[in-house]
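*Asks:* Sharing my_file.csv below, CSV, C-alpha atoms and all ligand atoms:
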```csv
chain,number,residue,atom,x,y,z
A,1,MET,CA,133.6,-2.6,87.1
A,2,GLY,CA,131.1,-4.5,84.9
A,3,VAL,CA,130.0,-7.0,87.5
A,4,ASN,CA,127.0,-8.9,86.4
A,5,LYS,CA,127.2,-12.1,88.5
A,6,ILE,CA,128.7,-12.6,91.9
A,7,PRO,CA,130.1,-15.9,93.1
A,8,ILE,CA,128.6,-16.8,96.6
A,9,PHE,CA,130.6,-19.4,98.7
A,10,PHE,CA,128.7,-21.6,101.2
A,11,HIS,CA,129.0,-25.1,102.5
A,12,SER,CA,126.2,-27.0,104.1
A,13,ASN,CA,128.4,-28.2,107.0
A,14,GLN,CA,128.4,-24.6,108.3
A,15,ILE,CA,124.9,-25.1,109.6
A,16,GLU,CA,125.8,-28.2,111.6
A,17,PHE,CA,126.9,-26.0,114.4
A,18,LYS,CA,123.9,-25.0,116.5
A,19,PRO,CA,124.8,-22.9,119.6
A,20,LYS,CA,121.8,-23.2,121.9
A,21,TYR,CA,122.1,-20.2,124.2
A,22,GLU,CA,124.3,-17.5,125.5
A,23,TRP,CA,124.9,-15.9,128.9
A,24,ALA,CA,124.2,-12.2,128.4
A,25,LEU,CA,124.8,-10.0,131.4
A,26,GLY,CA,123.8,-12.9,133.7
A,27,ASN,CA,120.8,-14.0,131.7
A,28,ARG,CA,120.5,-17.1,129.7
A,29,ILE,CA,119.1,-16.1,126.3
A,30,LYS,CA,118.4,-18.0,123.1
A,31,HIS,CA,121.6,-17.8,121.0
A,32,PRO,CA,121.2,-15.0,118.3
A,33,GLU,CA,123.8,-16.6,116.0
A,34,THR,CA,121.4,-19.2,114.6
A,35,THR,CA,121.6,-21.4,111.5
A,36,ARG,CA,118.6,-19.6,110.3
A,37,ARG,CA,120.7,-16.6,109.5
A,38,ALA,CA,122.7,-18.5,106.9
A,39,GLU,CA,119.7,-20.3,105.6
A,40,THR,CA,117.8,-17.0,105.1
A,41,ILE,CA,120.7,-15.5,103.2
A,42,TYR,CA,121.1,-18.6,101.1
A,43,LYS,CA,117.4,-18.7,100.2
A,44,GLU,CA,117.3,-15.1,99.2
A,45,LEU,CA,120.3,-15.2,97.0
A,46,ASN,CA,119.4,-18.6,95.5
A,47,LYS,CA,116.2,-16.9,94.1
A,48,SER,CA,118.3,-15.1,91.5
A,49,PRO,CA,120.7,-17.5,89.7
A,50,GLU,CA,121.2,-14.8,87.0
A,51,LEU,CA,122.8,-12.5,89.6
A,52,PHE,CA,124.4,-15.0,92.1
A,53,GLU,CA,126.2,-18.2,91.5
A,54,ILE,CA,126.3,-20.3,94.7
A,55,ILE,CA,129.5,-22.4,94.9
A,56,GLU,CA,130.6,-25.0,97.4
A,57,PRO,CA,134.1,-24.2,98.6
A,58,LYS,CA,137.0,-26.7,98.7
A,59,LYS,CA,138.5,-27.6,102.0
A,60,ILE,CA,140.8,-24.8,103.3
A,61,PRO,CA,144.5,-25.6,103.6
A,62,GLN,CA,145.3,-25.9,107.3
A,63,LYS,CA,148.5,-24.0,106.6
A,64,LEU,CA,146.5,-20.8,105.9
A,65,ILE,CA,144.5,-21.1,109.1
A,66,ARG,CA,147.9,-21.5,110.9
A,67,GLN,CA,149.1,-18.3,109.4
A,68,VAL,CA,146.3,-16.5,111.2
A,69,HIS,CA,145.7,-18.4,114.4
A,70,SER,CA,147.9,-19.9,117.1
A,71,TYR,CA,148.4,-23.7,117.3
A,72,SER,CA,147.2,-23.6,120.8
A,73,LEU,CA,143.8,-22.1,119.9
A,74,LEU,CA,143.3,-24.7,117.1
A,75,ASN,CA,144.3,-27.4,119.5
A,76,LEU,CA,141.4,-26.3,121.8
A,77,TYR,CA,138.9,-26.5,119.0
A,78,ASN,CA,140.2,-30.0,118.3
A,79,THR,CA,139.5,-30.8,122.0
A,80,ALA,CA,136.0,-29.5,121.6
A,81,SER,CA,135.5,-31.9,118.6
A,82,ASN,CA,135.6,-34.7,121.2
A,83,LEU,CA,132.8,-33.4,123.3
A,84,ASP,CA,129.6,-35.6,123.6
A,85,GLU,CA,126.9,-34.9,121.1
A,86,GLU,CA,124.7,-32.7,123.3
A,87,GLU,CA,127.4,-31.1,125.3
A,88,GLU,CA,128.2,-27.4,125.0
A,89,PHE,CA,131.0,-25.8,126.9
A,90,TYR,CA,130.8,-22.3,128.3
A,91,PRO,CA,133.9,-21.3,130.4
A,92,SER,CA,133.1,-19.5,133.6
A,93,VAL,CA,136.7,-18.8,134.7
A,94,PHE,CA,138.8,-16.4,132.6
A,95,PRO,CA,142.3,-16.3,134.1
A,96,GLN,CA,143.3,-12.9,132.6
A,97,ARG,CA,145.8,-12.0,135.4
A,98,MET,CA,146.8,-15.2,137.0
A,99,ASN,CA,150.0,-16.2,135.1
A,100,PRO,CA,148.1,-19.3,133.9
A,101,HIS,CA,149.4,-22.4,132.3
A,102,PRO,CA,146.7,-23.3,129.8
A,103,ASP,CA,146.2,-26.8,128.5
A,104,PRO,CA,144.3,-26.7,125.2
A,105,THR,CA,143.7,-30.4,125.4
A,106,ASN,CA,141.5,-29.8,128.5
A,107,ILE,CA,138.2,-28.2,127.6
A,108,LYS,CA,137.9,-26.8,131.2
A,109,ASN,CA,140.8,-24.5,130.2
A,110,ALA,CA,138.7,-22.9,127.4
A,111,GLY,CA,138.4,-19.7,129.5
A,112,PHE,CA,142.0,-18.9,128.8
A,113,TYR,CA,141.2,-18.5,125.1
A,114,CYS,CA,137.6,-17.2,125.3
A,115,PHE,CA,136.8,-13.6,126.2
A,116,ASP,CA,133.0,-13.8,126.8
A,117,SER,CA,130.2,-16.0,127.8
A,118,GLY,CA,128.3,-16.0,124.5
A,119,THR,CA,130.5,-18.2,122.4
A,120,PRO,CA,130.1,-21.9,123.3
A,121,LEU,CA,132.2,-24.8,122.0
A,122,ASN,CA,130.7,-28.1,121.0
A,123,LYS,CA,131.5,-31.1,118.8
A,124,ASN,CA,130.6,-29.2,115.6
A,125,THR,CA,132.2,-25.9,116.2
A,126,TRP,CA,135.5,-26.6,114.5
A,127,GLY,CA,133.9,-28.1,111.4
A,128,ALA,CA,131.5,-25.2,110.9
A,129,ALA,CA,134.2,-22.6,111.6
A,130,ALA,CA,136.7,-24.2,109.2
A,131,TRP,CA,134.1,-24.3,106.4
A,132,SER,CA,133.2,-20.7,107.1
A,133,ALA,CA,136.9,-19.8,106.7
A,134,ALA,CA,137.1,-21.9,103.6
A,135,CYS,CA,134.3,-19.7,102.0
A,136,ALA,CA,136.4,-16.6,102.8
A,137,PHE,CA,139.5,-18.2,101.3
A,138,GLU,CA,137.6,-19.0,98.1
A,139,ALA,CA,136.2,-15.5,97.9
A,140,ALA,CA,139.7,-14.1,98.2
A,141,ASN,CA,141.0,-16.5,95.6
A,142,ALA,CA,138.1,-15.6,93.2
A,143,ILE,CA,139.0,-11.9,93.2
A,144,THR,CA,142.6,-12.7,92.3
A,145,LYS,CA,141.3,-14.5,89.2
A,146,LYS,CA,138.4,-13.7,87.0
A,147,HIS,CA,136.0,-12.0,89.5
A,148,SER,CA,136.1,-8.5,90.7
A,149,VAL,CA,133.6,-9.1,93.5
A,150,ALA,CA,133.0,-12.3,95.5
A,151,TYR,CA,130.8,-13.0,98.6
A,152,SER,CA,131.6,-15.4,101.4
A,153,LEU,CA,128.5,-16.5,103.3
A,154,SER,CA,130.6,-17.0,106.4
A,155,ARG,CA,128.8,-18.4,109.4
A,156,PRO,CA,129.9,-18.6,112.1
A,157,PRO,CA,131.2,-15.0,111.7
A,158,GLY,CA,134.8,-14.1,112.4
A,159,HIS,CA,135.9,-10.5,113.1
A,160,HIS,CA,136.0,-10.9,116.9
A,161,ALA,CA,138.4,-13.8,116.8
A,162,SER,CA,142.1,-12.9,117.3
A,163,VAL,CA,145.3,-14.8,116.9
A,164,ASP,CA,144.8,-16.8,120.0
A,165,SER,CA,141.3,-15.9,121.4
A,166,TYR,CA,137.7,-16.3,120.4
A,167,GLY,CA,134.5,-14.6,121.4
A,168,GLY,CA,131.6,-12.5,120.0
A,169,TYR,CA,130.2,-15.7,118.3
A,170,CYS,CA,133.5,-15.9,116.3
A,171,TYR,CA,136.0,-18.7,116.3
A,172,LEU,CA,138.2,-18.2,113.2
A,173,ASN,CA,138.8,-14.8,111.7
A,174,ASN,CA,137.4,-15.3,108.2
A,175,ALA,CA,138.3,-11.9,106.9
A,176,ALA,CA,141.8,-12.3,108.2
A,177,VAL,CA,142.1,-15.6,106.3
A,178,ALA,CA,141.0,-13.8,103.1
A,179,ALA,CA,143.4,-10.8,103.8
A,180,THR,CA,146.3,-13.1,104.5
A,181,HIS,CA,145.8,-15.0,101.3
A,182,LEU,CA,145.6,-11.7,99.3
A,183,LYS,CA,148.6,-10.1,101.1
A,184,SER,CA,151.0,-12.4,99.2
A,185,ARG,CA,149.8,-10.7,96.1
A,186,GLY,CA,149.5,-7.0,97.1
A,187,ARG,CA,148.4,-4.5,99.6
A,188,VAL,CA,145.1,-5.2,101.4
A,189,ALA,CA,142.6,-2.8,103.0
A,190,ILE,CA,139.9,-4.2,105.3
A,191,ILE,CA,136.8,-2.1,105.9
A,192,ASP,CA,134.6,-3.4,108.7
A,193,ILE,CA,131.0,-2.1,108.6
A,194,ASP,CA,129.6,-4.4,111.2
A,195,PHE,CA,127.9,-2.6,114.1
A,196,HIS,CA,130.7,-3.9,116.4
A,197,HIS,CA,134.4,-3.1,116.5
A,198,GLY,CA,136.4,-5.8,114.6
A,199,ASN,CA,138.7,-6.3,117.6
A,200,GLY,CA,140.0,-9.7,116.3
A,201,THR,CA,141.0,-8.3,112.9
A,202,GLN,CA,142.7,-5.3,114.6
A,203,ASP,CA,144.7,-7.7,116.8
A,204,ILE,CA,145.8,-9.9,113.9
A,205,PHE,CA,147.1,-7.1,111.8
A,206,TYR,CA,148.1,-4.6,114.5
A,207,GLU,CA,151.8,-4.7,113.6
A,208,ASP,CA,151.3,-5.3,109.9
A,209,GLY,CA,152.2,-2.5,107.5
A,210,ASP,CA,150.8,-4.3,104.5
A,211,VAL,CA,147.2,-4.5,105.7
A,212,LEU,CA,145.2,-1.4,106.5
A,213,THR,CA,142.3,-2.1,108.9
A,214,ILE,CA,139.4,0.3,109.3
A,215,SER,CA,136.5,-0.3,111.5
A,216,LEU,CA,133.4,1.9,111.8
A,217,HIS,CA,131.3,0.9,114.9
A,218,GLY,CA,129.1,1.8,117.8
A,219,ASP,CA,130.8,3.4,120.8
A,220,PRO,CA,132.7,0.6,122.7
A,221,ARG,CA,132.0,2.4,126.0
A,222,GLU,CA,128.4,1.3,125.5
A,223,HIS,CA,128.7,-1.7,123.1
A,224,PHE,CA,130.5,-5.0,122.7
A,225,PRO,CA,133.5,-5.6,122.8
A,226,TYR,CA,133.8,-2.7,125.3
A,227,PHE,CA,137.6,-2.8,125.8
A,228,CYS,CA,138.8,-1.7,122.4
A,229,GLY,CA,137.8,0.1,119.3
A,230,PHE,CA,139.0,3.6,120.3
A,231,PRO,CA,140.6,6.0,117.8
A,232,SER,CA,143.8,6.0,119.9
A,233,GLU,CA,144.5,2.4,118.8
A,234,THR,CA,146.4,3.2,115.6
A,235,GLY,CA,148.7,0.2,115.1
A,236,ARG,CA,152.3,-0.6,116.3
A,237,ASN,CA,155.7,-0.9,114.7
A,238,LYS,CA,155.3,-1.4,110.9
A,239,GLY,CA,151.6,-1.3,111.5
A,240,GLU,CA,151.6,2.2,113.0
A,241,GLY,CA,149.0,4.4,111.4
A,242,LYS,CA,147.5,1.4,109.6
A,243,ASN,CA,144.7,0.7,112.1
A,244,ILE,CA,141.8,3.2,112.1
A,245,ASN,CA,138.8,3.1,114.5
A,246,ILE,CA,135.9,5.3,113.8
A,247,ILE,CA,133.2,5.6,116.4
A,248,VAL,CA,129.7,6.1,115.1
A,249,LYS,CA,126.9,7.5,117.3
A,250,ASP,CA,123.9,5.4,118.2
A,251,GLY,CA,120.9,6.2,116.0
A,252,MET,CA,123.1,7.1,113.0
A,253,SER,CA,121.3,7.4,109.7
A,254,VAL,CA,122.9,6.3,106.5
A,255,ASP,CA,123.6,9.9,105.4
A,256,GLY,CA,126.0,10.6,108.2
A,257,TYR,CA,127.6,7.2,107.7
A,258,ILE,CA,128.2,7.8,104.0
A,259,ARG,CA,129.8,11.1,104.8
A,260,LYS,CA,132.3,9.3,107.1
A,261,LEU,CA,133.0,6.8,104.3
A,262,LYS,CA,133.5,9.5,101.7
A,263,ARG,CA,135.5,12.0,103.8
A,264,THR,CA,137.6,9.6,105.8
A,265,VAL,CA,137.5,5.9,104.9
A,266,LEU,CA,137.7,5.9,101.1
A,267,PRO,CA,140.5,8.5,100.9
A,268,LEU,CA,142.5,6.5,103.4
A,269,VAL,CA,142.2,3.3,101.3
A,270,SER,CA,143.2,5.2,98.2
A,271,ARG,CA,146.2,6.8,99.9
A,272,PHE,CA,147.3,3.4,101.2
A,273,GLY,CA,147.5,2.2,97.7
A,274,ALA,CA,145.4,-0.9,98.3
A,275,ASP,CA,145.4,-3.6,95.6
A,276,TYR,CA,142.6,-5.6,97.2
A,277,LEU,CA,139.6,-4.8,99.5
A,278,VAL,CA,138.1,-7.1,102.1
A,279,ILE,CA,134.8,-6.0,103.6
A,280,CYS,CA,133.6,-7.3,107.0
A,281,ALA,CA,129.9,-7.0,106.1
A,282,GLY,CA,127.8,-7.0,109.3
A,283,PHE,CA,124.1,-6.2,109.1
A,284,ASP,CA,123.5,-5.6,112.8
A,285,THR,CA,123.5,-1.9,111.7
A,286,TYR,CA,119.9,-2.5,110.6
A,287,GLU,CA,117.1,-0.4,112.2
A,288,LYS,CA,115.4,-3.6,113.5
A,289,ASP,CA,118.5,-5.4,114.7
A,290,PRO,CA,118.1,-6.6,118.3
A,291,ILE,CA,121.8,-6.0,119.1
A,292,GLY,CA,122.9,-2.9,117.1
A,293,SER,CA,121.8,0.7,117.6
A,294,PHE,CA,122.0,2.3,114.1
A,295,ARG,CA,119.0,2.9,111.9
A,296,PHE,CA,119.9,1.6,108.5
A,297,GLN,CA,117.2,0.5,106.2
A,298,THR,CA,117.4,-2.3,103.5
A,299,ASP,CA,118.0,0.1,100.6
A,300,ASP,CA,120.8,1.9,102.5
A,301,TYR,CA,123.0,-1.1,102.1
A,302,GLN,CA,123.0,-0.6,98.4
A,303,THR,CA,123.9,3.0,98.9
A,304,ILE,CA,126.8,2.0,101.2
A,305,ALA,CA,128.0,-0.6,98.7
A,306,LYS,CA,127.9,1.9,95.8
A,307,SER,CA,130.0,4.3,97.8
A,308,ILE,CA,132.6,1.6,98.6
A,309,SER,CA,132.6,0.2,95.1
A,310,SER,CA,133.7,3.7,93.8
A,311,LEU,CA,137.2,2.5,94.9
A,312,ASN,CA,137.1,0.2,92.0
A,313,LEU,CA,139.1,-2.5,93.8
A,314,PRO,CA,138.8,-6.3,93.6
A,315,THR,CA,136.6,-6.9,96.6
A,316,ALA,CA,136.0,-9.9,98.8
A,317,ILE,CA,132.8,-9.4,100.9
A,318,ILE,CA,132.8,-11.5,104.1
A,319,GLN,CA,129.6,-12.0,106.1
A,320,GLU,CA,129.8,-11.0,109.7
A,321,GLY,CA,126.9,-10.2,112.1
A,322,GLY,CA,123.2,-9.3,111.6
A,323,TYR,CA,120.6,-10.7,113.9
A,324,PHE,CA,117.2,-9.6,112.6
A,325,THR,CA,117.1,-12.8,110.7
A,326,LYS,CA,113.8,-12.2,108.9
A,327,ASP,CA,115.2,-9.3,106.8
A,328,LEU,CA,118.9,-10.5,106.7
A,329,GLY,CA,118.7,-12.0,103.3
A,330,LYS,CA,117.1,-8.9,101.8
A,331,ASN,CA,119.8,-6.7,103.4
A,332,VAL,CA,122.6,-8.9,102.0
A,333,ARG,CA,121.0,-8.8,98.6
A,334,SER,CA,120.7,-5.0,98.7
A,335,PHE,CA,124.4,-4.7,99.6
A,336,LEU,CA,125.6,-7.1,96.9
A,337,THR,CA,123.6,-5.5,94.2
A,338,GLY,CA,125.3,-2.2,95.0
A,339,PHE,CA,128.4,-3.7,93.5
A,340,MET,CA,126.8,-4.6,90.2
A,341,LYS,CA,127.0,-2.6,87.0
B,401,ZN,ZN,128.3,-7.3,115.1
```
Could you show the structure in this file as structure tokens?

*Replies:*
Amino acid sequence: MGVNKIPIFFHSNQIEFKPKYEWALGNRIKHPETTRRAETIYKELNKSPELFEIIEPKKIPQKLIRQVHSYSLLNLYNTASNLDEEEEFYPSVFPQRMNPHPDPTNIKNAGFYCFDSGTPLNKNTWGAAAWSAACAFEAANAITKKHSVAYSLSRPPGHHASVDSYGGYCYLNNAAVAATHLKSRGRVAIIDIDFHHGNGTQDIFYEDGDVLTISLHGDPREHFPYFCGFPSETGRNKGEGKNINIIVKDGMSVDGYIRKLKRTVLPLVSRFGADYLVICAGFDTYEKDPIGSFRFQTDDYQTIAKSISSLNLPTAIIQEGGYFTKDLGKNVRSFLTGFMK
């Protein structure tokens, strides 16, 4: 597509949110979704101004976030903005079956909206999440104009956040914000290559016939988010047949993965007649990732990108997971360069 420079969207306020720890299977562990992740990526891409142009996004229109998320969820984030400086809220009651009456102005009701114990709220959550979504909006906007590829350095990530719930280190669904903006201009396909199932994105577009969502991920019987991501979840009403889940075995090498892309994913996107592509780019598929169980190497990301870029669609790449921070920048660079030339 003749790409020789990719716009990169990032705002420094995104690193003001610093989750301290998560509760993982009863253990208190250092939170993996650190500010270092974004800093490492930024530093790596900033080395090559001839390839990557780093741009600060403008504030995102609230209206666009409201098209994706419920008022009640956003109200809760607003409540969290009033927490004390050092306070971090982890719900410990999740009233899934109690016919609850949640009050989003009461932080103690956060368990109604949250589905895990790894995704804390604090004073800076909303600010960082809104700027992370702003990057995705700008990347989407860029590919409707003069760019054929754009990258959103979204952090915190987004693909686990649904219309009215958050979890998996995600608060606002950045990819859904991008896809919602693009949807007013054409048909949108989302390919989620993060190690984990994009349950939030699935939820948001489950009844939407104009957005095709495809997620390739580790087996949910073994891996987060556990309760969904199965091939039988195919969409509903107008969205029937427009939600595809592909389970990939632990230890998968890139060759098998590329085969799934070429045989199944890319033909589905072509048949759908997508005008735009959004990629949920997670790098927790990396061989050294502490959370994922695939075995991809740095160069493999370029191979995956080349395969996807054969679709020749305007493409917004949205950063999702990836927790081996030391090599995260290199892996992102490898992926982005796969879209060049
Ligand atoms: Zn992930």

*Asks:* Using all atoms listed in the file, which of A:Pro220, A:His159, A:Ser165, A:Asp299 sits nearest Gly282 in chain A?

*Replies:* A:His159

*Asks:* Between chain A and ligand ZN 401 (chain B), at 9 Å or less, what are the per-residue closest atom pairs and their distances in Å? Count all atoms listed in the file, order by chain and rising residue number, and return it as CSV.

*Replies:*
```
residue,atom,partner,partner_atom,distance
A:Pro157,CA,B:ZN401,ZN,8.9
A:His159,CA,B:ZN401,ZN,8.5
A:His160,CA,B:ZN401,ZN,8.7
A:Gly168,CA,B:ZN401,ZN,7.9
A:Ile193,CA,B:ZN401,ZN,8.8
A:Asp194,CA,B:ZN401,ZN,5.0
A:Phe195,CA,B:ZN401,ZN,4.8
A:His196,CA,B:ZN401,ZN,4.4
A:His197,CA,B:ZN401,ZN,7.5
A:Gly198,CA,B:ZN401,ZN,8.3
A:His217,CA,B:ZN401,ZN,8.7
A:Phe224,CA,B:ZN401,ZN,8.2
A:Gly282,CA,B:ZN401,ZN,5.8
A:Phe283,CA,B:ZN401,ZN,7.4
A:Asp284,CA,B:ZN401,ZN,5.6
A:Thr285,CA,B:ZN401,ZN,8.0
A:Ile291,CA,B:ZN401,ZN,7.7
A:Gly292,CA,B:ZN401,ZN,7.2
A:Glu320,CA,B:ZN401,ZN,6.7
A:Gly321,CA,B:ZN401,ZN,4.4
A:Gly322,CA,B:ZN401,ZN,6.5
A:Tyr323,CA,B:ZN401,ZN,8.5
```

*Asks:* Go ahead and compute the interatomic distance for CA of Asn99 in chain A and CA of Asn75 in chain A, in Å to one decimal.

*Replies:*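 Between these atoms lies a distance of 20.0 Å.
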
*Asks:* Which residues of range 154-247 of chain A have any atom within 12 Å of an atom in range 34-37 of chain A when counting all atoms listed in the file, and what is the closest pair of atoms for each, with the distance in Å to one decimal? Order the rows by chain and rising number and write it as CSV.

*Replies:*
```
residue,atom,partner,partner_atom,distance
A:Ser154,CA,A:Arg37,CA,10.4
A:Arg155,CA,A:Thr35,CA,8.1
A:Pro156,CA,A:Thr35,CA,8.8
A:Pro157,CA,A:Arg37,CA,10.8
A:Tyr169,CA,A:Thr34,CA,10.2
```

*Asks:* Restricting the calculation to only C-alpha atoms: of A:Pro120, A:Tyr257, A:Lys5, A:Ile107, which residue gets closest to Cys170 in chain A?

*Replies:*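 Among A:Pro120, A:Tyr257, A:Lys5, A:Ile107, it is A:Pro120 that comes nearest to Cys170 in chain A.
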
*Asks:* Show me the residues close to (145.8, -12.9, 113.8) - anything with an atom within 10 Å, counting all atoms listed in the file - and format the list as number ranges by chain.

*Replies:* A: 65-70, 161-165, 172-173, 176-177, 180, 200-206

*Asks:* Could you work out how far CA of Lys123 in chain A lies from CA of Asn109 in chain A, giving the answer in Å with one decimal?

*Replies:*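 Answer for the CA of Asn109 in chain A to CA of Lys123 in chain A separation: 16.1 Å.
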
*Asks:* Could you check which of A:Asn331, A:Ser72, A:Asn237, A:Ser152 is closest to Tyr166 in chain A, using all atoms listed in the file?

*Replies:*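 Selected residue with least distance to Tyr166 in chain A: A:Ser72.
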
*Asks:* A:Gly273, A:Gly235, A:Gly256, A:Pro57: which is nearest Ala140 in chain A, counting only C-alpha atoms?

*Replies:*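 That would be A:Pro57, the residue with the smallest distance to Ala140 in chain A.
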
*Asks:* Quote the spacing between CA of Asn4 in chain A and CA of Ile55 in chain A in Å to one decimal place.

*Replies:*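 CA of Ile55 in chain A lies 16.1 Å from CA of Asn4 in chain A.
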
*Asks:* Quick one: everything within 10 Å of Pro102 in chain A, counting only C-alpha atoms, minus sequence neighbours fewer than 4 positions away in the same chain. Send it as a PDB file with C-alpha atoms, in the coordinates of the input.

*Replies:*
```
ATOM      1  CA  SER A  72     147.200 -23.600 120.800  1.00  0.00           C
ATOM      2  CA  PRO A  95     142.300 -16.300 134.100  1.00  0.00           C
ATOM      3  CA  ASN A 106     141.500 -29.800 128.500  1.00  0.00           C
ATOM      4  CA  LYS A 108     137.900 -26.800 131.200  1.00  0.00           C
ATOM      5  CA  ASN A 109     140.800 -24.500 130.200  1.00  0.00           C
ATOM      6  CA  ALA A 110     138.700 -22.900 127.400  1.00  0.00           C
ATOM      7  CA  GLY A 111     138.400 -19.700 129.500  1.00  0.00           C
ATOM      8  CA  PHE A 112     142.000 -18.900 128.800  1.00  0.00           C
ATOM      9  CA  TYR A 113     141.200 -18.500 125.100  1.00  0.00           C
TER      10      TYR A 113
END
```

*Asks:* With distances taken over only C-alpha atoms, which of A:Ile54, A:Leu277, A:Ala133, A:Val3 is nearest to Ala316 in chain A?

*Replies:*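 For Ala316 in chain A, the nearest of the candidates is A:Leu277.
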
*Asks:* Could you pull out every residue with an atom within 12 Å of (116.4, -3.9, 101.8), file coordinates, counting all atoms listed in the file, and send them as a ChimeraX atom specification?

*Replies:* /A:44,283,286-288,296-304,326-338

*Asks:* Output C-alpha atoms for every residue in that selection, as an mmCIF file, in the coordinates of the input.

*Replies:*
```
data_model
loop_
_atom_site.group_PDB
_atom_site.id
_atom_site.type_symbol
_atom_site.label_atom_id
_atom_site.label_comp_id
_atom_site.auth_asym_id
_atom_site.auth_seq_id
_atom_site.Cartn_x
_atom_site.Cartn_y
_atom_site.Cartn_z
ATOM 1 C CA GLU A 44 117.300 -15.100 99.200
ATOM 2 C CA PHE A 283 124.100 -6.200 109.100
ATOM 3 C CA TYR A 286 119.900 -2.500 110.600
ATOM 4 C CA GLU A 287 117.100 -0.400 112.200
ATOM 5 C CA LYS A 288 115.400 -3.600 113.500
ATOM 6 C CA PHE A 296 119.900 1.600 108.500
ATOM 7 C CA GLN A 297 117.200 0.500 106.200
ATOM 8 C CA THR A 298 117.400 -2.300 103.500
ATOM 9 C CA ASP A 299 118.000 0.100 100.600
ATOM 10 C CA ASP A 300 120.800 1.900 102.500
ATOM 11 C CA TYR A 301 123.000 -1.100 102.100
ATOM 12 C CA GLN A 302 123.000 -0.600 98.400
ATOM 13 C CA THR A 303 123.900 3.000 98.900
ATOM 14 C CA ILE A 304 126.800 2.000 101.200
ATOM 15 C CA LYS A 326 113.800 -12.200 108.900
ATOM 16 C CA ASP A 327 115.200 -9.300 106.800
ATOM 17 C CA LEU A 328 118.900 -10.500 106.700
ATOM 18 C CA GLY A 329 118.700 -12.000 103.300
ATOM 19 C CA LYS A 330 117.100 -8.900 101.800
ATOM 20 C CA ASN A 331 119.800 -6.700 103.400
ATOM 21 C CA VAL A 332 122.600 -8.900 102.000
ATOM 22 C CA ARG A 333 121.000 -8.800 98.600
ATOM 23 C CA SER A 334 120.700 -5.000 98.700
ATOM 24 C CA PHE A 335 124.400 -4.700 99.600
ATOM 25 C CA LEU A 336 125.600 -7.100 96.900
ATOM 26 C CA THR A 337 123.600 -5.500 94.200
ATOM 27 C CA GLY A 338 125.300 -2.200 95.000
#
```

*Asks:* Edge lengths and centre in Å to one decimal, as JSON, of the axis-aligned box that encloses all listed atoms of range 74-93 of chain A with 6 Å added on every side?

*Replies:*
```
{"center_x": 134.5, "center_y": -27.2, "center_z": 125.9, "size_x": 31.6, "size_y": 28.8, "size_z": 29.6}
```

*Asks:* I'd like to know which of A:Ser12, A:Ser232, A:Ser309, A:Thr315 is closest to Ile247 in chain A, using all atoms listed in the file.

*Replies:*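 Going through A:Ser12, A:Ser232, A:Ser309, A:Thr315 one by one, the smallest distance to Ile247 in chain A is for A:Ser232.
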
*Asks:* For range 158-168 of chain A, supply N, CA and C atoms and format the output as a CSV table (one decimal), keeping the file's coordinate frame.

*Replies:*
```
chain,number,residue,atom,x,y,z
A,158,GLY,N,133.4,-14.0,112.0
A,158,GLY,CA,134.8,-14.1,112.4
A,158,GLY,C,135.5,-12.9,113.0
A,159,HIS,N,135.0,-11.7,112.8
A,159,HIS,CA,135.9,-10.5,113.1
A,159,HIS,C,136.2,-10.3,114.5
A,160,HIS,N,135.6,-11.0,115.5
A,160,HIS,CA,136.0,-10.9,116.9
A,160,HIS,C,137.1,-11.9,117.3
A,161,ALA,N,137.4,-12.8,116.4
A,161,ALA,CA,138.4,-13.8,116.8
A,161,ALA,C,139.8,-13.3,116.5
A,162,SER,N,140.7,-13.4,117.5
A,162,SER,CA,142.1,-12.9,117.3
A,162,SER,C,143.0,-14.0,117.1
A,163,VAL,N,144.3,-13.7,117.1
A,163,VAL,CA,145.3,-14.8,116.9
A,163,VAL,C,145.1,-16.0,117.8
A,164,ASP,N,144.9,-15.7,119.1
A,164,ASP,CA,144.8,-16.8,120.0
A,164,ASP,C,143.6,-16.7,121.0
A,165,SER,N,142.5,-16.0,120.5
A,165,SER,CA,141.3,-15.9,121.4
A,165,SER,C,140.1,-15.9,120.5
A,166,TYR,N,139.0,-16.3,121.1
A,166,TYR,CA,137.7,-16.3,120.4
A,166,TYR,C,136.6,-15.7,121.3
A,167,GLY,N,135.5,-15.2,120.7
A,167,GLY,CA,134.5,-14.6,121.4
A,167,GLY,C,133.5,-13.9,120.4
A,168,GLY,N,132.5,-13.3,120.9
A,168,GLY,CA,131.6,-12.5,120.0
A,168,GLY,C,131.0,-13.4,118.9
```
